[in-house]
Amino acid sequence: MTNVLITGGSGLIGRRLTTMLQQQGYRVGWLSRQAATTDGVRVFHWQPAAGQLDDAALLWADSLIHLAGETVAQRWSKSARQRILHSRLQSTHLLADRLAASGKRLQSVICASAIGFYGHRPQEVLTEENPPGQGFLAEVTTAWEATTNKLATATDHLAKVRIGVVLATAGGALPRMMTPVKWGLGASLGNGRQWMSWITIDDLCRLFVFILQKRLTGVYNGVAPTPVTNRDFTRMLARTLHRPLWLPAVPAPVLRLLLGEMSALLLDSARVLPKAALTAGFDFRYATPQAALEHLLADG
Ligand SMILES: NC(=O)c1ccc[n+]([C@@H]2O[C@H](COP(=O)([O-])OP(=O)(O)OC[C@H]3O[C@@H](n4cnc5c(N)ncnc54)[C@H](OP(=O)(O)O)[C@@H]3O)[C@@H](O)[C@H]2O)c1
């Protein structure tokens with residue numbers, strides 16, 4: 001039986017991935033700052049900011065999935081920016097250094113990244129081959145991906161997943177988009193033409209398991225094959241929830257005023273395709289936004 005150690009396993013993606021791996025016969029451990037012992041999960045502790053890591057975690061692990069990082073869904077104050085960047089770089093350096101010191105080899109290492117890597121690119125269709133764009137998230141993910149390369153000394157199979165907007169009912173962007181629509185206060189954002197590259201949480205976790213099982217290497221865009229504009233997605237969401245959309249769009253300057261630079265999460269446009277995953281033979285279960293919404297919102 002393979003032992004899979006997940007950093008940030010207690011988060012939105014990590015919890016779903018944990019269940020999926022366990023259902024497929026893997027043993028799962030978490031490397032967490034604070035999680036309590038959880039049923040069926042071996043919990044190890046670390047404090048990346050203090051350079052502390054329980055070496056028993058690395059001894060236990062056969063493979064590693066590195067998701068941990070401070071959330072970007074908060075106002076990007078100076079201190080938040082530092083936490084967002086440093087949490088990712090410090091944790092990755094710590095893993096790489098301890099693995100190197102122990103001489104431990106892992107079957108596979110899969111690291112999260114984000115499509116924020118591509119920046120705001122309204123005119124382009126983006127694949128893994130495109131270079132990074134501009135802006136805070138592009139800077140963070142570029143630095144994070146460069147640091148994850150250090151982990152290549154511990155494995156022959158290092159992969160990175162540039163994750164898009166994860167659609168889940170348990171958290172993330174979708175519940176935040178659903179609330180105003182449910183209250184009849186839904187509206188598209190900015191000019192509504194910005195591309196949103198999304199993926200259901202199930203397909204994203206299936207992609208992680210696929211990469212793990214096939215011991216794939218390289219970069220994979222963790223997005224579905226059909227990005228959608230913000231306006232079309234908002235309309236589909238309202239239709240699926242049987243709610244009217246009657247408000248005009250929320251103007252971009254209002255969002256910038258309310259949210260500061262973090263409004264880039266809502267207004268930046270990135271039309272990203274999962275070229276590498278499709279080439280590797282990955283089969284998306286929810287390939288269109290309508291299928292994804294019907295699946296996710298089936299119970300109301
Ligand atoms: N959800 C999305 O739409 C999306 C999109 C693109 C990229 N991603 C990336 O995918 C990864 C997982 O996403 P997620 O949605 O599951 O995130 P999440 O729910 O915020 O969970 C992230 C986990 O990372 C750990 N963490 C948080 N702050 C930390 C810090 N300052 N230092 C060290 N560890 C910290 C926490 O685990 P402990 O408390 O147990 O330590 C937390 O449970 C993140 O790196 C995220 O940026 C997510």
# chains A, B, ... in the order shown; residues from 1 in each chain; ligands from 1
$ closest_atom_pairs --of "chain A" --to "ligand 1" --cutoff "6 Å" --atoms "only C-alpha atoms and all ligand atoms" --output "tab-separated table"
residue	atom	partner	partner_atom_place_in_ligand_line	distance
A:Gly8	CA	ligand 1	23 (C)	3.6
A:Ser10	CA	ligand 1	43 (O)	4.2
A:Gly11	CA	ligand 1	21 (O)	3.3
A:Leu12	CA	ligand 1	16 (O)	3.7
A:Ile13	CA	ligand 1	16 (O)	3.7
A:Gly14	CA	ligand 1	16 (O)	5.4
A:Ser32	CA	ligand 1	41 (O)	3.7
A:Arg33	CA	ligand 1	41 (O)	3.8
A:Gln34	CA	ligand 1	39 (O)	5.4
A:Ala35	CA	ligand 1	40 (O)	4.9
A:Leu67	CA	ligand 1	11 (C)	4.3
A:Ala68	CA	ligand 1	24 (O)	3.5
A:Gly69	CA	ligand 1	35 (C)	4.2
A:Glu70	CA	ligand 1	28 (N)	3.4
A:Thr71	CA	ligand 1	20 (O)	4.6
A:Arg83	CA	ligand 1	31 (N)	5.8
A:Ser87	CA	ligand 1	32 (N)	4.4
A:Ala112	CA	ligand 1	10 (O)	5.3
A:Ser113	CA	ligand 1	7 (C)	5.7
A:Ala114	CA	ligand 1	7 (C)	4.3
A:Ile163	CA	ligand 1	6 (C)	4.3
A:Gly164	CA	ligand 1	5 (C)	5.0
A:Val165	CA	ligand 1	3 (O)	4.1
A:Val166	CA	ligand 1	3 (O)	3.8
A:Gly172	CA	ligand 1	1 (N)	5.4
$ write_last_selection --atoms "C-alpha atoms" --output "mmCIF file, in the first residue's frame"
data_model
loop_
_atom_site.group_PDB
_atom_site.id
_atom_site.type_symbol
_atom_site.label_atom_id
_atom_site.label_comp_id
_atom_site.auth_asym_id
_atom_site.auth_seq_id
_atom_site.Cartn_x
_atom_site.Cartn_y
_atom_site.Cartn_z
ATOM 1 C CA GLY A 8 -2.259 21.460 3.442
ATOM 2 C CA SER A 10 -6.815 19.972 5.859
ATOM 3 C CA GLY A 11 -7.842 22.502 3.186
ATOM 4 C CA LEU A 12 -10.600 22.450 0.585
ATOM 5 C CA ILE A 13 -8.705 20.439 -2.034
ATOM 6 C CA GLY A 14 -6.759 18.340 0.458
ATOM 7 C CA SER A 32 -0.199 20.260 9.035
ATOM 8 C CA ARG A 33 0.518 23.221 11.307
ATOM 9 C CA GLN A 34 -2.433 22.520 13.546
ATOM 10 C CA ALA A 35 -4.824 19.789 12.358
ATOM 11 C CA LEU A 67 -0.716 21.990 -1.461
ATOM 12 C CA ALA A 68 0.024 24.163 1.584
ATOM 13 C CA GLY A 69 -0.090 27.912 1.305
ATOM 14 C CA GLU A 70 -1.745 30.953 2.805
ATOM 15 C CA THR A 71 -5.065 31.696 1.103
ATOM 16 C CA ARG A 83 2.384 35.511 4.027
ATOM 17 C CA SER A 87 4.255 30.381 3.212
ATOM 18 C CA ALA A 112 0.201 22.826 -6.523
ATOM 19 C CA SER A 113 0.562 26.034 -8.460
ATOM 20 C CA ALA A 114 -2.132 28.270 -9.937
ATOM 21 C CA ILE A 163 -4.920 24.977 -10.629
ATOM 22 C CA GLY A 164 -7.791 27.070 -11.989
ATOM 23 C CA VAL A 165 -10.913 28.261 -10.158
ATOM 24 C CA VAL A 166 -11.983 25.191 -8.182
ATOM 25 C CA GLY A 172 -13.829 28.383 -2.505
#
$ select_by_dssp --residues "stretch 76-289 of chain A" --states "alpha helix (DSSP H)" --output "VMD selection string"
chain A and resid 78 to 102 136 to 148 173 to 182 201 to 214 230 to 240 252 to 259 264 to 267 275 to 279 289
$ closest_atom_pairs --of "stretch 33-57 of chain A" --to "stretch 95-109 of chain A" --cutoff "9 Å" --atoms "only C-alpha atoms" --output "tab-separated table"
residue	atom	partner	partner_atom	distance
A:Pro48	CA	A:Leu95	CA	8.9
A:Leu53	CA	A:Arg98	CA	8.2
A:Asp55	CA	A:Arg98	CA	7.5
$ write_last_selection --atoms "C-alpha atoms" --output "short mmCIF file (atom, residue, chain, number, x, y, z; two decimals), in the first residue's frame"
data_model
loop_
_atom_site.label_atom_id
_atom_site.label_comp_id
_atom_site.auth_asym_id
_atom_site.auth_seq_id
_atom_site.Cartn_x
_atom_site.Cartn_y
_atom_site.Cartn_z
CA PRO A 48 7.23 26.12 7.98
CA LEU A 53 9.15 19.65 10.47
CA ASP A 55 11.04 14.05 10.10
#
$ closest_residue --among "A:Ala249, A:Leu267, A:His295, A:Ala277" --to "A:Arg235" --atoms "only C-alpha atoms"
A:Ala249
$ select_by_dssp --residues "stretch 165-298 of chain A" --states "strand (DSSP E)" --output "VMD selection string"
chain A and resid 165 to 167 195 to 196 198 to 200 218 to 222 228 to 229 270 to 272
$ residues_around --residues "stretch 211-219 of chain A" --least-positions-apart "3" --cutoff "9 Å" --atoms "only C-alpha atoms" --output "JSON, numbers by chain"
{"A": [63, 65, 107, 108, 109, 110, 128, 129, 156, 157, 158, 159, 160, 161, 162, 206, 207, 208, 276, 277, 280]}
$ write_last_selection --atoms "C-alpha atoms" --output "short mmCIF file (atom, residue, chain, number, x, y, z; two decimals), in the first residue's frame"
data_model
loop_
_atom_site.label_atom_id
_atom_site.label_comp_id
_atom_site.auth_asym_id
_atom_site.auth_seq_id
_atom_site.Cartn_x
_atom_site.Cartn_y
_atom_site.Cartn_z
CA SER A 63 4.83 10.07 -2.34
CA ILE A 65 1.47 16.14 -2.65
CA GLN A 107 8.04 7.75 -5.92
CA SER A 108 6.25 10.96 -6.93
CA VAL A 109 6.06 14.59 -5.87
CA ILE A 110 3.15 16.71 -7.08
CA GLU A 128 1.40 24.99 -20.34
CA GLU A 129 3.84 26.21 -23.00
CA ASP A 156 12.38 11.07 -10.58
CA HIS A 157 8.72 12.08 -10.93
CA LEU A 158 8.08 15.75 -10.15
CA ALA A 159 4.85 17.31 -11.47
CA LYS A 160 3.21 20.70 -10.99
CA VAL A 161 -0.48 21.42 -11.33
CA ARG A 162 -1.50 25.00 -12.22
CA ARG A 206 -8.95 12.80 -10.09
CA LEU A 207 -6.19 14.60 -12.03
CA PHE A 208 -3.89 14.51 -8.99
CA ALA A 276 -0.92 18.39 -21.07
CA ALA A 277 -3.65 16.50 -19.17
CA ALA A 280 -1.65 12.29 -21.24
#
$ residues_around --residues "A:Trp198" --least-positions-apart "4" --cutoff "12 Å" --atoms "only C-alpha atoms" --output "JSON, numbers by chain"
{"A": [114, 115, 162, 163, 164, 165, 166, 167, 168, 172, 173, 174, 202, 203, 204, 221, 222, 223, 224, 225, 226, 227, 228, 229, 230, 233, 269, 270, 271, 272, 273, 274, 286, 287, 288, 289, 290, 292, 293]}
$ closest_residue --among "A:His93, A:Arg243, A:His120, A:Arg15" --to "A:Ala187" --atoms "only C-alpha atoms"
A:Arg243
$ closest_residue --among "A:Trp195, A:Phe282, A:Trp183, A:Phe210" --to "A:Ala238" --atoms "only C-alpha atoms"
A:Trp183
$ atom_distance --atom1 "atom CA of A:Lys275" --atom2 "atom CA of A:Val125"
10.9 Å
$ atom_distance --atom1 "atom CA of A:Ser263" --atom2 "atom CA of A:Pro122"
15.8 Å
$ closest_residue --among "A:Leu296, A:Leu241, A:Leu5, A:Ala146" --to "A:Leu59" --atoms "only C-alpha atoms"
A:Leu5
$ atom_distance --atom1 "atom CA of A:Arg176" --atom2 "atom CA of A:Leu17"
21.8 Å
